[in-house]
Amino acid sequence: DALCETALKSNPALLVADTTAGFRPIMEKAAHCKKSDCKSEHHHGTANPHMFASPDMASGMVENITDALERLSPSNKVQYRKNAAAVIFELKELEKAFKKADFKQKNIAVQHDVFAYLARLAKLNQAVSLHADSAQAPSPAHVAELKKKGL
């Protein structure tokens with residue numbers, strides 16, 4: 001990514017830890033692409049950056065962070081691995097719970113795309129993202145429309 005390249009140019013000895021290495025990102029449509037059938041090559045978007053919000057992704061991030069810490073301070077490897085194992089265990093338990101959950105409603109409406117990875121893990125369809133900012137809630141008319149759709 002451009003930010004990493006710039007940082008490495010200014011300091012080649014810098015350790016860059018890609019916490020999302022090996023992940024399959026959810027791609028978001030470009031802002032100018034509003035239609036659901038928008039599949040044109042020039043309309044591709046960016047990767048959803050909220051991978052940390054799902055336990056399966058977060059456990060992989062812990063692994064990547066632990067690897068980076070070990071490169072920085074190999075003498076503390078045993079402690080890093082011990083701490084990582086405890087966190088990963090808890091995240092894997094959460095992952096299992098979400099995978100086992102039997103949600104009666106598969107289509108969900110969310111206020112922010114932060115839930116996209118969690119929805120994917122739980123086999124839920126993020127049918128609507130309201131994108132309401134923190135200063136303004138969705139209008140009653142919008143909520144009523146979503147309710148009619150069964151969301």
# chains A, B, ... in the order shown; residues from 1 in each chain; ligands from 1

$ residues_around --residues "Tyr117 (chain A)" --least-positions-apart "5" --cutoff "12 Å" --atoms "only C-alpha atoms" --output "PDB file with all heavy atoms, in the first residue's frame"
ATOM      1  N   PHE A  23      -5.790 -12.540   4.326  1.00  0.00           N
ATOM      2  CA  PHE A  23      -7.234 -12.451   4.486  1.00  0.00           C
ATOM      3  C   PHE A  23      -7.932 -12.220   3.151  1.00  0.00           C
ATOM      4  O   PHE A  23      -7.356 -11.689   2.224  1.00  0.00           O
ATOM      5  CB  PHE A  23      -7.618 -11.299   5.411  1.00  0.00           C
ATOM      6  CG  PHE A  23      -7.226 -11.503   6.856  1.00  0.00           C
ATOM      7  CD1 PHE A  23      -6.526 -12.604   7.289  1.00  0.00           C
ATOM      8  CD2 PHE A  23      -7.560 -10.563   7.795  1.00  0.00           C
ATOM      9  CE1 PHE A  23      -6.175 -12.789   8.603  1.00  0.00           C
ATOM     10  CE2 PHE A  23      -7.223 -10.711   9.120  1.00  0.00           C
ATOM     11  CZ  PHE A  23      -6.529 -11.835   9.526  1.00  0.00           C
ATOM     12  N   ARG A  24      -9.199 -12.607   3.101  1.00  0.00           N
ATOM     13  CA  ARG A  24     -10.043 -12.360   1.928  1.00  0.00           C
ATOM     14  C   ARG A  24     -10.974 -11.194   2.274  1.00  0.00           C
ATOM     15  O   ARG A  24     -11.969 -11.358   2.972  1.00  0.00           O
ATOM     16  CB  ARG A  24     -10.858 -13.606   1.594  1.00  0.00           C
ATOM     17  CG  ARG A  24     -11.724 -13.470   0.349  1.00  0.00           C
ATOM     18  CD  ARG A  24     -12.403 -14.782  -0.002  1.00  0.00           C
ATOM     19  NE  ARG A  24     -13.168 -15.362   1.084  1.00  0.00           N
ATOM     20  CZ  ARG A  24     -14.486 -15.221   1.244  1.00  0.00           C
ATOM     21  NH1 ARG A  24     -15.181 -14.518   0.400  1.00  0.00           N
ATOM     22  NH2 ARG A  24     -15.102 -15.799   2.254  1.00  0.00           N
ATOM     23  N   PRO A  25     -10.632  -9.993   1.776  1.00  0.00           N
ATOM     24  CA  PRO A  25     -11.440  -8.831   2.146  1.00  0.00           C
ATOM     25  C   PRO A  25     -12.791  -8.791   1.436  1.00  0.00           C
ATOM     26  O   PRO A  25     -12.958  -9.356   0.364  1.00  0.00           O
ATOM     27  CB  PRO A  25     -10.581  -7.642   1.720  1.00  0.00           C
ATOM     28  CG  PRO A  25      -9.765  -8.168   0.594  1.00  0.00           C
ATOM     29  CD  PRO A  25      -9.518  -9.636   0.911  1.00  0.00           C
ATOM     30  N   ILE A  26     -13.716  -8.113   2.053  1.00  0.00           N
ATOM     31  CA  ILE A  26     -15.005  -7.825   1.430  1.00  0.00           C
ATOM     32  C   ILE A  26     -14.817  -6.523   0.669  1.00  0.00           C
ATOM     33  O   ILE A  26     -14.377  -5.518   1.232  1.00  0.00           O
ATOM     34  CB  ILE A  26     -16.119  -7.688   2.484  1.00  0.00           C
ATOM     35  CG1 ILE A  26     -16.357  -9.043   3.159  1.00  0.00           C
ATOM     36  CG2 ILE A  26     -17.409  -7.143   1.852  1.00  0.00           C
ATOM     37  CD1 ILE A  26     -17.339  -8.994   4.314  1.00  0.00           C
ATOM     38  N   MET A  27     -15.140  -6.551  -0.599  1.00  0.00           N
ATOM     39  CA  MET A  27     -14.967  -5.356  -1.427  1.00  0.00           C
ATOM     40  C   MET A  27     -16.241  -4.523  -1.393  1.00  0.00           C
ATOM     41  O   MET A  27     -17.336  -5.045  -1.570  1.00  0.00           O
ATOM     42  CB  MET A  27     -14.614  -5.738  -2.860  1.00  0.00           C
ATOM     43  CG  MET A  27     -13.318  -6.529  -2.983  1.00  0.00           C
ATOM     44  SD  MET A  27     -11.893  -5.719  -2.237  1.00  0.00           S
ATOM     45  CE  MET A  27     -11.656  -4.351  -3.373  1.00  0.00           C
ATOM     46  N   GLU A  28     -16.069  -3.237  -1.148  1.00  0.00           N
ATOM     47  CA  GLU A  28     -17.179  -2.298  -1.136  1.00  0.00           C
ATOM     48  C   GLU A  28     -17.235  -1.591  -2.480  1.00  0.00           C
ATOM     49  O   GLU A  28     -16.204  -1.325  -3.094  1.00  0.00           O
ATOM     50  CB  GLU A  28     -16.991  -1.271  -0.024  1.00  0.00           C
ATOM     51  CG  GLU A  28     -16.988  -1.899   1.354  1.00  0.00           C
ATOM     52  CD  GLU A  28     -16.684  -0.902   2.455  1.00  0.00           C
ATOM     53  OE1 GLU A  28     -16.072   0.144   2.174  1.00  0.00           O
ATOM     54  OE2 GLU A  28     -17.056  -1.188   3.593  1.00  0.00           O
ATOM     55  N   ALA A  47     -11.411  -2.323  -0.277  1.00  0.00           N
ATOM     56  CA  ALA A  47     -11.629  -3.373   0.714  1.00  0.00           C
ATOM     57  C   ALA A  47     -12.224  -2.775   1.985  1.00  0.00           C
ATOM     58  O   ALA A  47     -11.786  -1.730   2.453  1.00  0.00           O
ATOM     59  CB  ALA A  47     -10.313  -4.074   1.024  1.00  0.00           C
ATOM     60  N   ASN A  48     -13.231  -3.437   2.536  1.00  0.00           N
ATOM     61  CA  ASN A  48     -13.810  -3.029   3.811  1.00  0.00           C
ATOM     62  C   ASN A  48     -12.716  -3.197   4.874  1.00  0.00           C
ATOM     63  O   ASN A  48     -12.194  -4.294   5.054  1.00  0.00           O
ATOM     64  CB  ASN A  48     -15.017  -3.915   4.121  1.00  0.00           C
ATOM     65  CG  ASN A  48     -15.683  -3.579   5.429  1.00  0.00           C
ATOM     66  OD1 ASN A  48     -15.036  -3.380   6.448  1.00  0.00           O
ATOM     67  ND2 ASN A  48     -16.997  -3.544   5.416  1.00  0.00           N
ATOM     68  N   PRO A  49     -12.370  -2.132   5.597  1.00  0.00           N
ATOM     69  CA  PRO A  49     -11.254  -2.189   6.543  1.00  0.00           C
ATOM     70  C   PRO A  49     -11.603  -2.729   7.935  1.00  0.00           C
ATOM     71  O   PRO A  49     -10.742  -2.772   8.804  1.00  0.00           O
ATOM     72  CB  PRO A  49     -10.832  -0.718   6.646  1.00  0.00           C
ATOM     73  CG  PRO A  49     -12.112   0.028   6.488  1.00  0.00           C
ATOM     74  CD  PRO A  49     -12.904  -0.775   5.470  1.00  0.00           C
ATOM     75  N   HIS A  50     -12.817  -3.189   8.155  1.00  0.00           N
ATOM     76  CA  HIS A  50     -13.267  -3.538   9.499  1.00  0.00           C
ATOM     77  C   HIS A  50     -13.113  -5.023   9.841  1.00  0.00           C
ATOM     78  O   HIS A  50     -13.946  -5.603  10.531  1.00  0.00           O
ATOM     79  CB  HIS A  50     -14.731  -3.110   9.678  1.00  0.00           C
ATOM     80  CG  HIS A  50     -14.931  -1.656   9.434  1.00  0.00           C
ATOM     81  ND1 HIS A  50     -15.504  -1.175   8.275  1.00  0.00           N
ATOM     82  CD2 HIS A  50     -14.614  -0.576  10.179  1.00  0.00           C
ATOM     83  CE1 HIS A  50     -15.534   0.149   8.332  1.00  0.00           C
ATOM     84  NE2 HIS A  50     -15.002   0.533   9.477  1.00  0.00           N
ATOM     85  N   MET A  51     -12.040  -5.628   9.394  1.00  0.00           N
ATOM     86  CA  MET A  51     -11.820  -7.059   9.614  1.00  0.00           C
ATOM     87  C   MET A  51     -11.754  -7.424  11.099  1.00  0.00           C
ATOM     88  O   MET A  51     -12.121  -8.522  11.480  1.00  0.00           O
ATOM     89  CB  MET A  51     -10.549  -7.500   8.911  1.00  0.00           C
ATOM     90  CG  MET A  51     -10.632  -7.398   7.413  1.00  0.00           C
ATOM     91  SD  MET A  51      -9.057  -7.861   6.676  1.00  0.00           S
ATOM     92  CE  MET A  51      -9.411  -7.531   4.962  1.00  0.00           C
ATOM     93  N   PHE A  52     -11.298  -6.502  11.905  1.00  0.00           N
ATOM     94  CA  PHE A  52     -11.138  -6.737  13.339  1.00  0.00           C
ATOM     95  C   PHE A  52     -12.455  -7.039  14.047  1.00  0.00           C
ATOM     96  O   PHE A  52     -12.460  -7.562  15.152  1.00  0.00           O
ATOM     97  CB  PHE A  52     -10.503  -5.509  14.001  1.00  0.00           C
ATOM     98  CG  PHE A  52     -11.321  -4.254  13.807  1.00  0.00           C
ATOM     99  CD1 PHE A  52     -12.364  -3.949  14.659  1.00  0.00           C
ATOM    100  CD2 PHE A  52     -11.058  -3.409  12.744  1.00  0.00           C
ATOM    101  CE1 PHE A  52     -13.133  -2.808  14.458  1.00  0.00           C
ATOM    102  CE2 PHE A  52     -11.824  -2.265  12.538  1.00  0.00           C
ATOM    103  CZ  PHE A  52     -12.862  -1.964  13.395  1.00  0.00           C
ATOM    104  N   ALA A  53     -13.582  -6.729  13.422  1.00  0.00           N
ATOM    105  CA  ALA A  53     -14.880  -6.841  14.080  1.00  0.00           C
ATOM    106  C   ALA A  53     -15.452  -8.255  14.072  1.00  0.00           C
ATOM    107  O   ALA A  53     -16.506  -8.491  14.641  1.00  0.00           O
ATOM    108  CB  ALA A  53     -15.876  -5.880  13.444  1.00  0.00           C
ATOM    109  N   SER A  54     -14.764  -9.186  13.442  1.00  0.00           N
ATOM    110  CA  SER A  54     -15.230 -10.565  13.410  1.00  0.00           C
ATOM    111  C   SER A  54     -14.170 -11.453  14.059  1.00  0.00           C
ATOM    112  O   SER A  54     -12.975 -11.322  13.763  1.00  0.00           O
ATOM    113  CB  SER A  54     -15.475 -11.000  11.967  1.00  0.00           C
ATOM    114  OG  SER A  54     -16.047 -12.285  11.933  1.00  0.00           O
ATOM    115  N   PRO A  55     -14.578 -12.349  14.946  1.00  0.00           N
ATOM    116  CA  PRO A  55     -13.581 -13.132  15.687  1.00  0.00           C
ATOM    117  C   PRO A  55     -12.671 -13.983  14.815  1.00  0.00           C
ATOM    118  O   PRO A  55     -11.503 -14.174  15.156  1.00  0.00           O
ATOM    119  CB  PRO A  55     -14.414 -13.988  16.633  1.00  0.00           C
ATOM    120  CG  PRO A  55     -15.812 -13.914  16.146  1.00  0.00           C
ATOM    121  CD  PRO A  55     -15.940 -12.672  15.348  1.00  0.00           C
ATOM    122  N   ASP A  56     -13.152 -14.494  13.680  1.00  0.00           N
ATOM    123  CA  ASP A  56     -12.282 -15.296  12.825  1.00  0.00           C
ATOM    124  C   ASP A  56     -11.165 -14.445  12.239  1.00  0.00           C
ATOM    125  O   ASP A  56     -10.013 -14.869  12.173  1.00  0.00           O
ATOM    126  CB  ASP A  56     -13.078 -16.000  11.719  1.00  0.00           C
ATOM    127  CG  ASP A  56     -13.864 -15.047  10.830  1.00  0.00           C
ATOM    128  OD1 ASP A  56     -14.280 -13.972  11.301  1.00  0.00           O
ATOM    129  OD2 ASP A  56     -14.069 -15.387   9.656  1.00  0.00           O
ATOM    130  N   MET A  57     -11.490 -13.234  11.838  1.00  0.00           N
ATOM    131  CA  MET A  57     -10.482 -12.331  11.291  1.00  0.00           C
ATOM    132  C   MET A  57      -9.565 -11.814  12.405  1.00  0.00           C
ATOM    133  O   MET A  57      -8.352 -11.721  12.235  1.00  0.00           O
ATOM    134  CB  MET A  57     -11.144 -11.156  10.580  1.00  0.00           C
ATOM    135  CG  MET A  57     -12.091 -11.564   9.480  1.00  0.00           C
ATOM    136  SD  MET A  57     -11.258 -12.415   8.163  1.00  0.00           S
ATOM    137  CE  MET A  57     -11.405 -11.213   6.888  1.00  0.00           C
ATOM    138  N   ALA A  58     -10.150 -11.489  13.545  1.00  0.00           N
ATOM    139  CA  ALA A  58      -9.364 -10.960  14.661  1.00  0.00           C
ATOM    140  C   ALA A  58      -8.319 -11.969  15.132  1.00  0.00           C
ATOM    141  O   ALA A  58      -7.196 -11.593  15.460  1.00  0.00           O
ATOM    142  CB  ALA A  58     -10.280 -10.557  15.809  1.00  0.00           C
ATOM    143  N   GLU A  95     -16.051 -17.441  17.538  1.00  0.00           N
ATOM    144  CA  GLU A  95     -16.253 -17.841  16.136  1.00  0.00           C
ATOM    145  C   GLU A  95     -17.173 -19.052  16.051  1.00  0.00           C
ATOM    146  O   GLU A  95     -18.119 -19.078  15.262  1.00  0.00           O
ATOM    147  CB  GLU A  95     -14.902 -18.145  15.494  1.00  0.00           C
ATOM    148  CG  GLU A  95     -14.987 -18.596  14.059  1.00  0.00           C
ATOM    149  CD  GLU A  95     -13.630 -18.932  13.463  1.00  0.00           C
ATOM    150  OE1 GLU A  95     -12.587 -18.619  14.062  1.00  0.00           O
ATOM    151  OE2 GLU A  95     -13.632 -19.534  12.371  1.00  0.00           O
ATOM    152  N   PHE A  98     -20.813 -18.077  16.729  1.00  0.00           N
ATOM    153  CA  PHE A  98     -21.469 -17.405  15.602  1.00  0.00           C
ATOM    154  C   PHE A  98     -21.761 -18.372  14.466  1.00  0.00           C
ATOM    155  O   PHE A  98     -22.790 -18.276  13.810  1.00  0.00           O
ATOM    156  CB  PHE A  98     -20.626 -16.227  15.094  1.00  0.00           C
ATOM    157  CG  PHE A  98     -20.890 -14.963  15.842  1.00  0.00           C
ATOM    158  CD1 PHE A  98     -19.999 -14.519  16.800  1.00  0.00           C
ATOM    159  CD2 PHE A  98     -22.029 -14.219  15.601  1.00  0.00           C
ATOM    160  CE1 PHE A  98     -20.235 -13.349  17.504  1.00  0.00           C
ATOM    161  CE2 PHE A  98     -22.285 -13.057  16.292  1.00  0.00           C
ATOM    162  CZ  PHE A  98     -21.384 -12.620  17.255  1.00  0.00           C
ATOM    163  N   HIS A 112     -23.821   0.548  10.023  1.00  0.00           N
ATOM    164  CA  HIS A 112     -22.457   0.797   9.573  1.00  0.00           C
ATOM    165  C   HIS A 112     -21.882  -0.494   8.995  1.00  0.00           C
ATOM    166  O   HIS A 112     -22.219  -1.580   9.441  1.00  0.00           O
ATOM    167  CB  HIS A 112     -21.611   1.269  10.775  1.00  0.00           C
ATOM    168  CG  HIS A 112     -20.277   1.798  10.405  1.00  0.00           C
ATOM    169  ND1 HIS A 112     -19.220   0.983  10.124  1.00  0.00           N
ATOM    170  CD2 HIS A 112     -19.837   3.067  10.266  1.00  0.00           C
ATOM    171  CE1 HIS A 112     -18.170   1.726   9.831  1.00  0.00           C
ATOM    172  NE2 HIS A 112     -18.518   3.006   9.914  1.00  0.00           N
ATOM    173  N   ALA A 122     -21.430 -15.342  10.267  1.00  0.00           N
ATOM    174  CA  ALA A 122     -22.688 -15.884  10.794  1.00  0.00           C
ATOM    175  C   ALA A 122     -23.676 -16.278   9.698  1.00  0.00           C
ATOM    176  O   ALA A 122     -24.807 -16.652   9.991  1.00  0.00           O
ATOM    177  CB  ALA A 122     -23.335 -14.860  11.721  1.00  0.00           C
ATOM    178  N   LYS A 123     -23.240 -16.187   8.453  1.00  0.00           N
ATOM    179  CA  LYS A 123     -24.077 -16.519   7.291  1.00  0.00           C
ATOM    180  C   LYS A 123     -25.356 -15.676   7.255  1.00  0.00           C
ATOM    181  O   LYS A 123     -26.445 -16.161   6.983  1.00  0.00           O
ATOM    182  CB  LYS A 123     -24.385 -18.003   7.247  1.00  0.00           C
ATOM    183  CG  LYS A 123     -23.145 -18.846   6.998  1.00  0.00           C
ATOM    184  CD  LYS A 123     -23.500 -20.313   6.893  1.00  0.00           C
ATOM    185  CE  LYS A 123     -22.312 -21.163   6.569  1.00  0.00           C
ATOM    186  NZ  LYS A 123     -21.290 -21.288   7.568  1.00  0.00           N
ATOM    187  N   LEU A 124     -25.167 -14.382   7.545  1.00  0.00           N
ATOM    188  CA  LEU A 124     -26.260 -13.428   7.480  1.00  0.00           C
ATOM    189  C   LEU A 124     -26.070 -12.566   6.240  1.00  0.00           C
ATOM    190  O   LEU A 124     -24.946 -12.348   5.793  1.00  0.00           O
ATOM    191  CB  LEU A 124     -26.289 -12.541   8.722  1.00  0.00           C
ATOM    192  CG  LEU A 124     -26.540 -13.271  10.042  1.00  0.00           C
ATOM    193  CD1 LEU A 124     -26.342 -12.333  11.223  1.00  0.00           C
ATOM    194  CD2 LEU A 124     -27.940 -13.868  10.060  1.00  0.00           C
ATOM    195  N   ASN A 125     -27.155 -12.089   5.710  1.00  0.00           N
ATOM    196  CA  ASN A 125     -27.113 -11.219   4.540  1.00  0.00           C
ATOM    197  C   ASN A 125     -27.290  -9.776   4.997  1.00  0.00           C
ATOM    198  O   ASN A 125     -28.353  -9.404   5.463  1.00  0.00           O
ATOM    199  CB  ASN A 125     -28.223 -11.595   3.552  1.00  0.00           C
ATOM    200  CG  ASN A 125     -28.277 -10.658   2.379  1.00  0.00           C
ATOM    201  OD1 ASN A 125     -27.258 -10.149   1.917  1.00  0.00           O
ATOM    202  ND2 ASN A 125     -29.481 -10.411   1.891  1.00  0.00           N
ATOM    203  N   GLN A 126     -26.235  -8.997   4.854  1.00  0.00           N
ATOM    204  CA  GLN A 126     -26.314  -7.583   5.209  1.00  0.00           C
ATOM    205  C   GLN A 126     -27.063  -6.886   4.084  1.00  0.00           C
ATOM    206  O   GLN A 126     -26.484  -6.309   3.192  1.00  0.00           O
ATOM    207  CB  GLN A 126     -24.903  -7.021   5.388  1.00  0.00           C
ATOM    208  CG  GLN A 126     -24.875  -5.649   5.973  1.00  0.00           C
ATOM    209  CD  GLN A 126     -23.471  -5.221   6.333  1.00  0.00           C
ATOM    210  OE1 GLN A 126     -22.780  -5.893   7.070  1.00  0.00           O
ATOM    211  NE2 GLN A 126     -23.054  -4.085   5.818  1.00  0.00           N
TER     212      GLN A 126
END

$ residues_around --residues "Ala85 (chain A)" --least-positions-apart "3" --cutoff "10 Å" --atoms "only C-alpha atoms" --output "list of chain:residue names"
A:Ser59, A:Val62, A:Glu63, A:Thr66, A:Gln79, A:Tyr80, A:Arg81, A:Lys82, A:Ile88, A:Phe89, A:Glu90, A:Leu91

$ atom_distance --atom1 "CA of Asp113 (chain A)" --atom2 "CA of Ser139 (chain A)"
18.6 Å

$ residues_around --residues "Leu72 (chain A)" --least-positions-apart "3" --cutoff "12 Å" --atoms "only C-alpha atoms" --output "NGL selection string"
:A and (13-17 or 65-69 or 75-77 or 80)

$ select_by_dssp --residues "chain A" --states "strand (DSSP E or B)" --output "list of chain:residue names"
A:Met27, A:Glu28, A:Thr46, A:Ala47, A:Asn107, A:Ile108, A:Ala109, A:Val110, A:Asn125, A:Gln126, A:Ala127, A:Val128, A:Ser129

$ write_last_selection --atoms "C-alpha atoms" --output "tab-separated table (two decimals), in the first residue's frame"
chain	number	residue	atom	x	y	z
A	27	MET	CA	-14.97	-5.36	-1.43
A	28	GLU	CA	-17.18	-2.30	-1.14
A	46	THR	CA	-12.07	-0.67	-1.88
A	47	ALA	CA	-11.63	-3.37	0.71
A	107	ASN	CA	-31.45	-10.56	6.19
A	108	ILE	CA	-30.22	-7.79	8.45
A	109	ALA	CA	-30.07	-4.00	8.32
A	110	VAL	CA	-27.04	-2.39	9.90
A	125	ASN	CA	-27.11	-11.22	4.54
A	126	GLN	CA	-26.31	-7.58	5.21
A	127	ALA	CA	-29.25	-6.52	3.06
A	128	VAL	CA	-29.19	-2.86	4.00
A	129	SER	CA	-26.51	-0.57	5.34
